[in-house]
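J.: This is the structure I want to talk about, given as structure tokens.
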Amino acid sequence: MITRKKTRQVRAGSLIIGGGAPVSIQSMTNVPVEDVEGTIGQIRALKEAGADLVRLALRKEESAGYLKKIIPAAGIPLCADIHFNHRIALAAIKAGINKVRINPGNIGDQSRVKEVVRAAKDSGVPIRIGVNGGSIDRKKYHEVTPENLVESALEHVTILEDNGFEDIVVSIKATDVFATIEANKLFSEKRDYPVHIGLTEAGYGIGCAVQSSIVLGHLLLAGIGDTIRVSMTGDPVNEIPVARSILETLGMRFQAIRIISCPTCGRTDTSLDILALATEVDRNLSARFRKRLEEMNRSITVAVMGCEVNGPGEASEADIGVAGGRGGKLLLFSRGEKVHTIGVDEVVEALAAEVEKIISAK
Ligand code: SF4
């Protein structure tokens with residue numbers, strides 16, 4: 001059981017962040033906003049994959065103009081990512097953005113901060129302060145240490161607080177696993193603003209997934225984290241299954257179909273491709289039953305096992321499952337009982353029929 005740290009609550013459009021709201025998944029587009037169709041396509045793909053909020057980099061004041069087309073087509077809360085130029089923030093808020101990421105210590109004098117704060121307050125837009133090991137002020141903070149990262153974040157937070165603004169989300173990220181964990185723990189001891197957590201510039205593929213899982217898993221288990229991102233090089237859509245999987249593993253997000261599959265070994269019949277089978281079973285059953293299972297708040301465990309040694313045990317422990325036999329045949333199990341032997345081509349439909357029976361029996 002995870003006891004989450006109590007944080008304040010802010011709202012970014014329809015998304016509630018902090019204060020016990022479900023941990024949300026964020027990502028960021030990596031096409032320029034000037035490519036309106038490309039940006040909208042990527043936002044929709046991220047939403048379809050399970051993102052709750054998408055961030056867009058706005059580099060010029062004119063960039064905010066494109067938001068007029070992007071925001072209505074997005075169908076998901078959007079955050080504008082802005083550095084140094086407060087006028088871009090003002091234009092984005094005017095265009096209807098749901099959240100702004102800007103560091104008030106980097107935009108110049110107090111009058112500019114006041115302008116942004118007034119606009120954000122008037123429009124009910126929260127401000128995310130983002131401190132990153134790569135962009136921390138090296139003249140002031142000579143080293144990227146957890147203490148310096150937190151000090152830098154607090155510097156920006158204080159500017160907003162002094163201007164009477166507390167609709168704040170804070171992110172403190174570094175490329176170092178330990179520094180990121182430690183900095184977020186330190187910050188959470190000092191302030192109760194909701195935090196967006198992740199390992200920045202975490203690389204690509206499996207390495208990124210593992211490192212991000214260690215950071216996010218550690219912090220989430222410690223009760224820290226209101227929104228998360230897995231920062232992966234490449235198509236940002238690939239970040240979402242990793243983030244989802246982290247939350248599903250910790251029990252923080254509903255998982256309609258949970259697949260248990262074995263690594264296979266020399267006992268697996270050579271005619272069986274267990275990876276292909278498990279992937280197809282997961283894809284097919286999730287697509288068919290996710291919505292109904294979510295409505296019922298019922299998760300179904302499906303075992304896809306390679307042989308008759310450990311297979312029957314796992315398959316009969318799961319709600320449903322198959323265990324590989326000889327000559328392309330598998331044993332089908334449902335609710336602890338062996339049902340019958342089926343061919344590999346029949347597996348998906350046979351399992352779907354068993355899911356249907358379980359759902360109908362409720
Ligand atoms: S279930 Fe069978 S095939 Fe799979 S790893 Fe275990 S012994 Fe090997």
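Residue numbering restarts at 1 for every chain of the structure tokens, chains are lettered A, B, ... in their displayed order, and ligands are numbered from 1 as they appear.
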Excluding Asn106 of chain A and residues on its chain fewer than 4 positions from it, collect all residues at most 12 Å away from it, counting only C-alpha atoms, and give them as a PyMOL selection string.

T.: chain A and resi 82-86+101-102+110+112-113+129-131+135-137+152-153+155-156+159

J.: Write a file of the selected residues as a short mmCIF file (atom, residue, chain, number, x, y, z; two decimals), in the first residue's frame, keeping N, CA and C atoms.

T.:
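In the end it all went to result-v1.cif:
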```cif
data_model
loop_
_atom_site.label_atom_id
_atom_site.label_comp_id
_atom_site.auth_asym_id
_atom_site.auth_seq_id
_atom_site.Cartn_x
_atom_site.Cartn_y
_atom_site.Cartn_z
N ILE A 82 8.06 27.23 -22.26
CA ILE A 82 8.63 28.52 -22.68
C ILE A 82 9.89 28.83 -21.87
N HIS A 83 10.87 29.36 -22.56
CA HIS A 83 12.09 29.78 -21.86
C HIS A 83 12.37 31.26 -22.14
N PHE A 84 12.61 31.98 -21.11
CA PHE A 84 13.13 33.36 -21.15
C PHE A 84 12.15 34.45 -21.60
N ASN A 85 11.30 34.19 -22.59
CA ASN A 85 10.48 35.26 -23.17
C ASN A 85 9.07 35.23 -22.59
N HIS A 86 8.79 36.16 -21.69
CA HIS A 86 7.48 36.13 -21.01
C HIS A 86 6.33 36.44 -21.96
N ARG A 101 4.83 26.13 -18.69
CA ARG A 101 6.08 25.84 -18.00
C ARG A 101 7.03 27.00 -18.28
N ILE A 102 7.34 27.73 -17.25
CA ILE A 102 8.27 28.86 -17.38
C ILE A 102 8.91 29.09 -16.03
N GLN A 110 10.71 42.21 -12.32
CA GLN A 110 9.46 41.93 -11.60
C GLN A 110 8.20 42.25 -12.42
N ARG A 112 7.62 41.86 -15.49
CA ARG A 112 7.31 40.75 -16.39
C ARG A 112 6.69 39.58 -15.62
N VAL A 113 7.26 39.32 -14.46
CA VAL A 113 6.71 38.24 -13.62
C VAL A 113 5.26 38.56 -13.27
N ILE A 129 7.20 25.06 -12.76
CA ILE A 129 8.60 25.45 -12.67
C ILE A 129 9.41 24.19 -12.96
N GLY A 130 10.32 24.29 -13.91
CA GLY A 130 11.10 23.10 -14.26
C GLY A 130 12.58 23.34 -14.10
N VAL A 131 13.16 22.67 -13.13
CA VAL A 131 14.60 22.80 -12.94
C VAL A 131 15.26 21.52 -13.45
N SER A 135 20.27 22.72 -17.41
CA SER A 135 20.07 24.15 -17.64
C SER A 135 20.13 24.98 -16.36
N ILE A 136 20.56 24.37 -15.26
CA ILE A 136 20.70 25.11 -14.00
C ILE A 136 21.77 26.20 -14.18
N ASP A 137 21.58 27.32 -13.53
CA ASP A 137 22.51 28.45 -13.65
C ASP A 137 23.88 28.05 -13.06
N SER A 152 17.62 25.93 -6.47
CA SER A 152 17.22 26.64 -7.69
C SER A 152 15.70 26.62 -7.86
N ALA A 153 15.09 25.47 -7.60
CA ALA A 153 13.63 25.37 -7.72
C ALA A 153 12.96 26.30 -6.72
N GLU A 155 14.09 28.98 -5.48
CA GLU A 155 14.28 30.38 -5.89
C GLU A 155 13.13 30.82 -6.81
N HIS A 156 12.80 29.96 -7.78
CA HIS A 156 11.69 30.28 -8.70
C HIS A 156 10.35 30.24 -7.98
N ILE A 159 9.66 33.39 -6.00
CA ILE A 159 9.27 34.56 -6.82
C ILE A 159 7.76 34.53 -7.06
#
```

J.: Near segment 283-300 of chain A, within 10 Å and counting only C-alpha atoms, which residues show up once chain neighbours fewer than 2 positions away are dropped, as a PDB file with N, CA and C atoms, in the first residue's frame?

T.:
```pdb
ATOM      1  N   PHE A 254      -5.296   1.276 -13.554  1.00  0.00           N
ATOM      2  CA  PHE A 254      -6.025   0.039 -13.830  1.00  0.00           C
ATOM      3  C   PHE A 254      -5.429  -0.680 -15.047  1.00  0.00           C
ATOM      4  N   GLN A 255      -5.303  -2.005 -14.919  1.00  0.00           N
ATOM      5  CA  GLN A 255      -4.791  -2.816 -16.019  1.00  0.00           C
ATOM      6  C   GLN A 255      -5.841  -3.860 -16.353  1.00  0.00           C
ATOM      7  N   ALA A 256      -6.507  -3.708 -17.464  1.00  0.00           N
ATOM      8  CA  ALA A 256      -7.625  -4.596 -17.801  1.00  0.00           C
ATOM      9  C   ALA A 256      -7.150  -6.031 -18.019  1.00  0.00           C
ATOM     10  N   ILE A 257      -6.122  -6.185 -18.843  1.00  0.00           N
ATOM     11  CA  ILE A 257      -5.586  -7.515 -19.150  1.00  0.00           C
ATOM     12  C   ILE A 257      -4.148  -7.576 -18.661  1.00  0.00           C
ATOM     13  N   ARG A 258      -3.882  -8.496 -17.755  1.00  0.00           N
ATOM     14  CA  ARG A 258      -2.496  -8.650 -17.266  1.00  0.00           C
ATOM     15  C   ARG A 258      -1.945  -9.974 -17.794  1.00  0.00           C
ATOM     16  N   ILE A 259      -0.888  -9.875 -18.553  1.00  0.00           N
ATOM     17  CA  ILE A 259      -0.307 -11.081 -19.163  1.00  0.00           C
ATOM     18  C   ILE A 259       0.819 -11.625 -18.285  1.00  0.00           C
ATOM     19  N   LEU A 277       2.639 -15.143 -29.592  1.00  0.00           N
ATOM     20  CA  LEU A 277       1.329 -15.514 -29.052  1.00  0.00           C
ATOM     21  C   LEU A 277       0.921 -14.583 -27.896  1.00  0.00           C
ATOM     22  N   ALA A 278       1.843 -14.358 -26.968  1.00  0.00           N
ATOM     23  CA  ALA A 278       1.536 -13.495 -25.815  1.00  0.00           C
ATOM     24  C   ALA A 278       1.227 -12.077 -26.278  1.00  0.00           C
ATOM     25  N   THR A 279       2.003 -11.581 -27.256  1.00  0.00           N
ATOM     26  CA  THR A 279       1.795 -10.217 -27.774  1.00  0.00           C
ATOM     27  C   THR A 279       0.419 -10.097 -28.410  1.00  0.00           C
ATOM     28  N   GLU A 280       0.056 -11.090 -29.212  1.00  0.00           N
ATOM     29  CA  GLU A 280      -1.227 -11.038 -29.913  1.00  0.00           C
ATOM     30  C   GLU A 280      -2.399 -11.175 -28.934  1.00  0.00           C
ATOM     31  N   VAL A 281      -2.245 -12.070 -27.950  1.00  0.00           N
ATOM     32  CA  VAL A 281      -3.306 -12.247 -26.941  1.00  0.00           C
ATOM     33  C   VAL A 281      -3.517 -10.933 -26.193  1.00  0.00           C
ATOM     34  N   VAL A 302      -4.059 -13.322 -17.623  1.00  0.00           N
ATOM     35  CA  VAL A 302      -3.995 -14.333 -18.679  1.00  0.00           C
ATOM     36  C   VAL A 302      -2.579 -14.902 -18.723  1.00  0.00           C
ATOM     37  N   ALA A 303      -2.449 -16.206 -18.549  1.00  0.00           N
ATOM     38  CA  ALA A 303      -1.129 -16.836 -18.604  1.00  0.00           C
ATOM     39  C   ALA A 303      -0.896 -17.422 -20.001  1.00  0.00           C
ATOM     40  N   ALA A 318      -3.945 -18.340 -12.887  1.00  0.00           N
ATOM     41  CA  ALA A 318      -4.465 -17.135 -13.546  1.00  0.00           C
ATOM     42  C   ALA A 318      -5.971 -17.300 -13.781  1.00  0.00           C
ATOM     43  N   ASP A 319      -6.633 -16.207 -14.201  1.00  0.00           N
ATOM     44  CA  ASP A 319      -8.064 -16.339 -14.525  1.00  0.00           C
ATOM     45  C   ASP A 319      -8.245 -17.305 -15.697  1.00  0.00           C
ATOM     46  N   ILE A 320      -7.412 -17.094 -16.727  1.00  0.00           N
ATOM     47  CA  ILE A 320      -7.438 -17.984 -17.885  1.00  0.00           C
ATOM     48  C   ILE A 320      -6.008 -18.146 -18.376  1.00  0.00           C
ATOM     49  N   VAL A 348      -6.398 -17.290 -29.493  1.00  0.00           N
ATOM     50  CA  VAL A 348      -6.956 -15.951 -29.238  1.00  0.00           C
ATOM     51  C   VAL A 348      -8.467 -16.030 -29.071  1.00  0.00           C
ATOM     52  N   GLU A 349      -9.133 -16.714 -29.986  1.00  0.00           N
ATOM     53  CA  GLU A 349     -10.605 -16.781 -29.912  1.00  0.00           C
ATOM     54  C   GLU A 349     -11.058 -17.584 -28.699  1.00  0.00           C
ATOM     55  N   LEU A 351      -9.483 -17.880 -25.819  1.00  0.00           N
ATOM     56  CA  LEU A 351      -9.302 -17.054 -24.620  1.00  0.00           C
ATOM     57  C   LEU A 351     -10.349 -15.944 -24.564  1.00  0.00           C
ATOM     58  N   ALA A 352     -10.650 -15.360 -25.733  1.00  0.00           N
ATOM     59  CA  ALA A 352     -11.678 -14.303 -25.779  1.00  0.00           C
ATOM     60  C   ALA A 352     -13.025 -14.868 -25.316  1.00  0.00           C
ATOM     61  N   VAL A 355     -12.969 -15.024 -21.590  1.00  0.00           N
ATOM     62  CA  VAL A 355     -13.130 -13.695 -20.984  1.00  0.00           C
ATOM     63  C   VAL A 355     -14.608 -13.315 -21.010  1.00  0.00           C
ATOM     64  N   GLU A 356     -15.235 -13.563 -22.137  1.00  0.00           N
ATOM     65  CA  GLU A 356     -16.661 -13.231 -22.287  1.00  0.00           C
ATOM     66  C   GLU A 356     -17.487 -13.967 -21.226  1.00  0.00           C
ATOM     67  N   ILE A 358     -16.445 -14.993 -18.289  1.00  0.00           N
ATOM     68  CA  ILE A 358     -16.165 -14.404 -16.968  1.00  0.00           C
ATOM     69  C   ILE A 358     -16.948 -13.109 -16.791  1.00  0.00           C
ATOM     70  N   ILE A 359     -16.933 -12.287 -17.834  1.00  0.00           N
ATOM     71  CA  ILE A 359     -17.643 -11.004 -17.759  1.00  0.00           C
ATOM     72  C   ILE A 359     -19.146 -11.234 -17.603  1.00  0.00           C
ATOM     73  N   LYS A 362     -20.650 -12.191 -14.206  1.00  0.00           N
ATOM     74  CA  LYS A 362     -20.637 -11.197 -13.097  1.00  0.00           C
ATOM     75  C   LYS A 362     -22.022 -10.678 -12.801  1.00  0.00           C
TER      76      LYS A 362
END
```

J.: Taking a cut-off of 9 Å and counting only C-alpha atoms, can you build a table that, for each residue of segment 200-307 of chain A near segment 2-23 of chain A, reports the nearest atom pair and how far apart they are in Å (one decimal), sorted by chain then residue number, as JSON lines?

T.:
```
{"residue": "A:Leu220", "atom": "CA", "partner": "A:Arg4", "partner_atom": "CA", "distance": 7.8}
{"residue": "A:Leu221", "atom": "CA", "partner": "A:Ile2", "partner_atom": "CA", "distance": 5.9}
{"residue": "A:Ala222", "atom": "CA", "partner": "A:Arg4", "partner_atom": "CA", "distance": 7.3}
{"residue": "A:Gly223", "atom": "CA", "partner": "A:Arg4", "partner_atom": "CA", "distance": 3.7}
{"residue": "A:Ile224", "atom": "CA", "partner": "A:Lys5", "partner_atom": "CA", "distance": 6.0}
{"residue": "A:Gly225", "atom": "CA", "partner": "A:Val23", "partner_atom": "CA", "distance": 7.1}
{"residue": "A:Asp226", "atom": "CA", "partner": "A:Val23", "partner_atom": "CA", "distance": 4.9}
{"residue": "A:Thr227", "atom": "CA", "partner": "A:Val23", "partner_atom": "CA", "distance": 5.1}
{"residue": "A:Ile228", "atom": "CA", "partner": "A:Val23", "partner_atom": "CA", "distance": 7.2}
{"residue": "A:Leu247", "atom": "CA", "partner": "A:Val23", "partner_atom": "CA", "distance": 8.0}
{"residue": "A:Leu250", "atom": "CA", "partner": "A:Ile2", "partner_atom": "CA", "distance": 8.5}
{"residue": "A:Met252", "atom": "CA", "partner": "A:Val23", "partner_atom": "CA", "distance": 7.2}
{"residue": "A:Arg253", "atom": "CA", "partner": "A:Pro22", "partner_atom": "CA", "distance": 7.9}
```

J.: Residues of the last selection are to be written out with N, CA and C atoms, as a PDB file, in the first residue's frame.

T.:
```pdb
ATOM      1  N   LEU A 220       7.667   7.010  -6.463  1.00  0.00           N
ATOM      2  CA  LEU A 220       6.231   6.728  -6.289  1.00  0.00           C
ATOM      3  C   LEU A 220       5.991   5.836  -5.069  1.00  0.00           C
ATOM      4  N   LEU A 221       6.874   4.867  -4.858  1.00  0.00           N
ATOM      5  CA  LEU A 221       6.726   4.015  -3.663  1.00  0.00           C
ATOM      6  C   LEU A 221       6.924   4.818  -2.382  1.00  0.00           C
ATOM      7  N   ALA A 222       7.721   5.901  -2.484  1.00  0.00           N
ATOM      8  CA  ALA A 222       7.908   6.779  -1.313  1.00  0.00           C
ATOM      9  C   ALA A 222       6.774   7.794  -1.200  1.00  0.00           C
ATOM     10  N   GLY A 223       5.796   7.693  -2.101  1.00  0.00           N
ATOM     11  CA  GLY A 223       4.625   8.581  -2.030  1.00  0.00           C
ATOM     12  C   GLY A 223       4.828   9.904  -2.753  1.00  0.00           C
ATOM     13  N   ILE A 224       5.936  10.017  -3.508  1.00  0.00           N
ATOM     14  CA  ILE A 224       6.249  11.289  -4.174  1.00  0.00           C
ATOM     15  C   ILE A 224       5.979  11.179  -5.674  1.00  0.00           C
ATOM     16  N   GLY A 225       5.242  12.157  -6.194  1.00  0.00           N
ATOM     17  CA  GLY A 225       4.979  12.168  -7.641  1.00  0.00           C
ATOM     18  C   GLY A 225       3.499  12.314  -7.925  1.00  0.00           C
ATOM     19  N   ASP A 226       3.159  13.387  -8.650  1.00  0.00           N
ATOM     20  CA  ASP A 226       1.758  13.609  -9.022  1.00  0.00           C
ATOM     21  C   ASP A 226       1.558  13.453 -10.520  1.00  0.00           C
ATOM     22  N   THR A 227       2.602  13.713 -11.284  1.00  0.00           N
ATOM     23  CA  THR A 227       2.580  13.419 -12.711  1.00  0.00           C
ATOM     24  C   THR A 227       3.951  12.856 -13.069  1.00  0.00           C
ATOM     25  N   ILE A 228       3.984  12.028 -14.130  1.00  0.00           N
ATOM     26  CA  ILE A 228       5.262  11.395 -14.486  1.00  0.00           C
ATOM     27  C   ILE A 228       5.541  11.527 -15.983  1.00  0.00           C
ATOM     28  N   LEU A 247       2.984   2.530 -13.688  1.00  0.00           N
ATOM     29  CA  LEU A 247       1.820   2.803 -12.824  1.00  0.00           C
ATOM     30  C   LEU A 247       0.995   1.534 -12.607  1.00  0.00           C
ATOM     31  N   LEU A 250       2.683  -0.740 -10.066  1.00  0.00           N
ATOM     32  CA  LEU A 250       2.556  -0.259  -8.687  1.00  0.00           C
ATOM     33  C   LEU A 250       1.095  -0.232  -8.225  1.00  0.00           C
ATOM     34  N   MET A 252      -1.201   1.728  -9.484  1.00  0.00           N
ATOM     35  CA  MET A 252      -1.700   3.112  -9.501  1.00  0.00           C
ATOM     36  C   MET A 252      -2.513   3.396 -10.750  1.00  0.00           C
ATOM     37  N   ARG A 253      -2.610   2.435 -11.632  1.00  0.00           N
ATOM     38  CA  ARG A 253      -3.441   2.589 -12.823  1.00  0.00           C
ATOM     39  C   ARG A 253      -4.052   1.233 -13.146  1.00  0.00           C
TER      40      ARG A 253
END
```

J.: Have a look at A:Pro104, A:Gly203, A:Gly313, A:Gly133 and name the one nearest to ligand 1; count only C-alpha atoms and all ligand atoms.

T.: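 Closest to ligand 1, using only C-alpha atoms and all ligand atoms: A:Gly313.
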
J.: Return as a ChimeraX atom specification the full set of residues in segment 102-295 of chain A whose backbone-based DSSP assignment is helix (DSSP H, G or I).

T.: /A:104-106,110-123,146-162,177-190,205-221,236-249,274-295

J.: Quick one: residues within 8 Å of ligand 1, with only C-alpha atoms and all ligand atoms, as number ranges by chain?

T.: A: 261-268, 305-311, 323-324

J.: Near Ala64 of chain A, within 9 Å and counting only C-alpha atoms, which residues show up once chain neighbours fewer than 3 positions away are dropped, as an MDAnalysis selection string?

T.: chainID A and resid 33 58:61 67:68 80 88:89 91:95

J.: Counting only C-alpha atoms, what is within 6 Å of segment 338-345 of chain A, bar same-chain residues fewer than 4 positions away, as a ChimeraX atom specification?

T.: /A:328-333

J.: Save out the residues we just selected, C-alpha atoms, as a PDB file, in the first residue's frame.

T.:
```
ATOM      1  CA  GLY A 328       1.519 -26.936 -31.958  1.00  0.00           C
ATOM      2  CA  LYS A 329      -1.163 -27.880 -29.424  1.00  0.00           C
ATOM      3  CA  LEU A 330      -1.841 -26.049 -26.130  1.00  0.00           C
ATOM      4  CA  LEU A 331      -3.878 -26.797 -23.032  1.00  0.00           C
ATOM      5  CA  LEU A 332      -6.579 -24.209 -22.332  1.00  0.00           C
ATOM      6  CA  PHE A 333      -7.340 -23.323 -18.703  1.00  0.00           C
TER       7      PHE A 333
END
```

J.: Find the residues near segment 34-50 of chain A: any atom within 7 Å, counting only C-alpha atoms, skip ones fewer than 4 places away on the same chain, and give them as an MDAnalysis selection string.

T.: chainID A and resid 29 54 63 66 70 73:74 76 237 240

J.: Can you list, as a list in words, every residue of segment 121-179 of chain A that DSSP puts in strand (DSSP E)?

T.: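 Restricting segment 121-179 of chain A to strand (DSSP E) produces Ile127, Arg128, Ile129, Gly130, Val131, Asn132, Ile168, Val169, Val170, Ser171, Ile172 and Lys173 of chain A.
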
J.: Could those selected residues go to a file with N, CA and C atoms, as an mmCIF file, in the first residue's frame?

T.:
```
data_model
loop_
_atom_site.group_PDB
_atom_site.id
_atom_site.type_symbol
_atom_site.label_atom_id
_atom_site.label_comp_id
_atom_site.auth_asym_id
_atom_site.auth_seq_id
_atom_site.Cartn_x
_atom_site.Cartn_y
_atom_site.Cartn_z
ATOM 1 N N ILE A 127 1.272 27.245 -13.280
ATOM 2 C CA ILE A 127 2.632 27.404 -13.819
ATOM 3 C C ILE A 127 3.514 26.278 -13.310
ATOM 4 N N ARG A 128 4.180 25.625 -14.258
ATOM 5 C CA ARG A 128 5.142 24.600 -13.856
ATOM 6 C C ARG A 128 6.539 25.190 -13.877
ATOM 7 N N ILE A 129 7.195 25.060 -12.763
ATOM 8 C CA ILE A 129 8.600 25.446 -12.670
ATOM 9 C C ILE A 129 9.410 24.188 -12.959
ATOM 10 N N GLY A 130 10.322 24.293 -13.906
ATOM 11 C CA GLY A 130 11.095 23.102 -14.260
ATOM 12 C C GLY A 130 12.578 23.343 -14.102
ATOM 13 N N VAL A 131 13.162 22.671 -13.134
ATOM 14 C CA VAL A 131 14.604 22.795 -12.936
ATOM 15 C C VAL A 131 15.260 21.518 -13.448
ATOM 16 N N ASN A 132 16.239 21.735 -14.317
ATOM 17 C CA ASN A 132 16.864 20.623 -15.010
ATOM 18 C C ASN A 132 18.381 20.724 -14.818
ATOM 19 N N ILE A 168 1.073 26.101 -8.509
ATOM 20 C CA ILE A 168 2.408 25.743 -9.005
ATOM 21 C C ILE A 168 2.583 24.221 -9.059
ATOM 22 N N VAL A 169 3.243 23.766 -10.117
ATOM 23 C CA VAL A 169 3.740 22.387 -10.188
ATOM 24 C C VAL A 169 5.249 22.497 -10.345
ATOM 25 N N VAL A 170 5.980 21.626 -9.679
ATOM 26 C CA VAL A 170 7.437 21.720 -9.741
ATOM 27 C C VAL A 170 8.024 20.428 -10.305
ATOM 28 N N SER A 171 8.976 20.584 -11.212
ATOM 29 C CA SER A 171 9.721 19.396 -11.650
ATOM 30 C C SER A 171 11.206 19.644 -11.445
ATOM 31 N N ILE A 172 11.853 18.657 -10.882
ATOM 32 C CA ILE A 172 13.309 18.738 -10.680
ATOM 33 C C ILE A 172 13.900 17.470 -11.285
ATOM 34 N N LYS A 173 14.658 17.656 -12.333
ATOM 35 C CA LYS A 173 15.179 16.496 -13.052
ATOM 36 C C LYS A 173 16.673 16.618 -13.300
#
```

J.: With only C-alpha atoms as the basis for distance, which of A:Lys69, A:Arg244, A:Arg118, A:His218 is at the shortest distance from Ser24 of chain A?

T.: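 Nearest to Ser24 of chain A: A:Arg244.
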
J.: Write out as a PDB file with N, CA and C atoms, in the first residue's frame each polymer residue whose atoms come within 8 Å of Ile97 of chain A, counting only C-alpha atoms; drop sequence neighbours fewer than 6 positions from it.

T.:
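What landed in part-v3.pdb:
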```
ATOM      1  N   LEU A  67      -1.363  27.803 -31.778  1.00  0.00           N
ATOM      2  CA  LEU A  67      -2.174  27.134 -30.745  1.00  0.00           C
ATOM      3  C   LEU A  67      -3.665  27.260 -31.029  1.00  0.00           C
ATOM      4  N   ILE A  71      -5.066  23.732 -30.179  1.00  0.00           N
ATOM      5  CA  ILE A  71      -5.815  23.491 -28.929  1.00  0.00           C
ATOM      6  C   ILE A  71      -7.188  22.860 -29.182  1.00  0.00           C
ATOM      7  N   PRO A  77      -5.530  18.111 -22.356  1.00  0.00           N
ATOM      8  CA  PRO A  77      -4.875  19.323 -21.841  1.00  0.00           C
ATOM      9  C   PRO A  77      -3.454  19.497 -22.385  1.00  0.00           C
ATOM     10  N   LEU A  78      -3.112  20.753 -22.638  1.00  0.00           N
ATOM     11  CA  LEU A  78      -1.795  21.061 -23.217  1.00  0.00           C
ATOM     12  C   LEU A  78      -1.027  22.032 -22.329  1.00  0.00           C
ATOM     13  N   CYS A  79       0.285  21.850 -22.320  1.00  0.00           N
ATOM     14  CA  CYS A  79       1.168  22.733 -21.551  1.00  0.00           C
ATOM     15  C   CYS A  79       2.152  23.386 -22.524  1.00  0.00           C
ATOM     16  N   ALA A  80       2.298  24.697 -22.433  1.00  0.00           N
ATOM     17  CA  ALA A  80       3.264  25.405 -23.277  1.00  0.00           C
ATOM     18  C   ALA A  80       4.596  25.493 -22.545  1.00  0.00           C
ATOM     19  N   VAL A 125      -4.676  29.312 -15.064  1.00  0.00           N
ATOM     20  CA  VAL A 125      -3.632  28.453 -15.650  1.00  0.00           C
ATOM     21  C   VAL A 125      -2.509  28.237 -14.632  1.00  0.00           C
TER      22      VAL A 125
END
```

J.: Given only C-alpha atoms as the basis, pick out the residue of A:Pro32, A:Lys140, A:Ser271, A:Glu151 nearest to Lys190 of chain A.

T.: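 With only C-alpha atoms as the atom set, the closest residue is A:Glu151.
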
J.: Out of A:Ser316, A:Asn163, A:Ser231, A:Thr270, which residue has the shortest atom-to-atom distance to Gln26 of chain A when counting only C-alpha atoms?

T.: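 The answer is A:Ser231, which sits nearest to Gln26 of chain A.
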
J.: Suppose you want the space between atom CA of Glu161 of chain A and atom CA of Thr175 of chain A; what is it in Å?

T.: 28.2 Å

J.: Rank nothing, just name the residue among A:Leu160, A:Ile181, A:Leu219, A:Val304 nearest to Pro126 of chain A, using only C-alpha atoms.

T.: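 The answer is A:Leu160, which sits nearest to Pro126 of chain A.
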
J.: Grab the atom CA of Val230 of chain A to atom CA of Gly198 of chain A distance for me, in Å with one decimal place.

T.: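 These atoms are spaced 6.0 Å apart.
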
J.: I'd like the contact shell of Ile246 of chain A - 8 Å cut-off, only C-alpha atoms, skipping same-chain residues fewer than 6 positions apart - returned as a ChimeraX atom specification.

T.: /A:213,216-217

J.: Mind dumping the selected residues with N, CA and C atoms as a PDB file, in the first residue's frame?

T.:
```
ATOM      1  N   SER A 213      12.266   3.609 -14.765  1.00  0.00           N
ATOM      2  CA  SER A 213      11.460   2.805 -13.841  1.00  0.00           C
ATOM      3  C   SER A 213      12.054   2.824 -12.434  1.00  0.00           C
ATOM      4  N   LEU A 216      11.265   6.485 -11.097  1.00  0.00           N
ATOM      5  CA  LEU A 216       9.833   6.699 -10.858  1.00  0.00           C
ATOM      6  C   LEU A 216       9.307   5.707  -9.825  1.00  0.00           C
ATOM      7  N   GLY A 217       9.763   4.457  -9.918  1.00  0.00           N
ATOM      8  CA  GLY A 217       9.307   3.448  -8.955  1.00  0.00           C
ATOM      9  C   GLY A 217       9.714   3.821  -7.543  1.00  0.00           C
TER      10      GLY A 217
END
```

J.: Choose the residue, out of A:Ile25, A:Val322, A:Leu272, A:Leu149, that has the smallest atom-to-atom separation from Ala174 of chain A; count only C-alpha atoms.

T.: A:Leu149
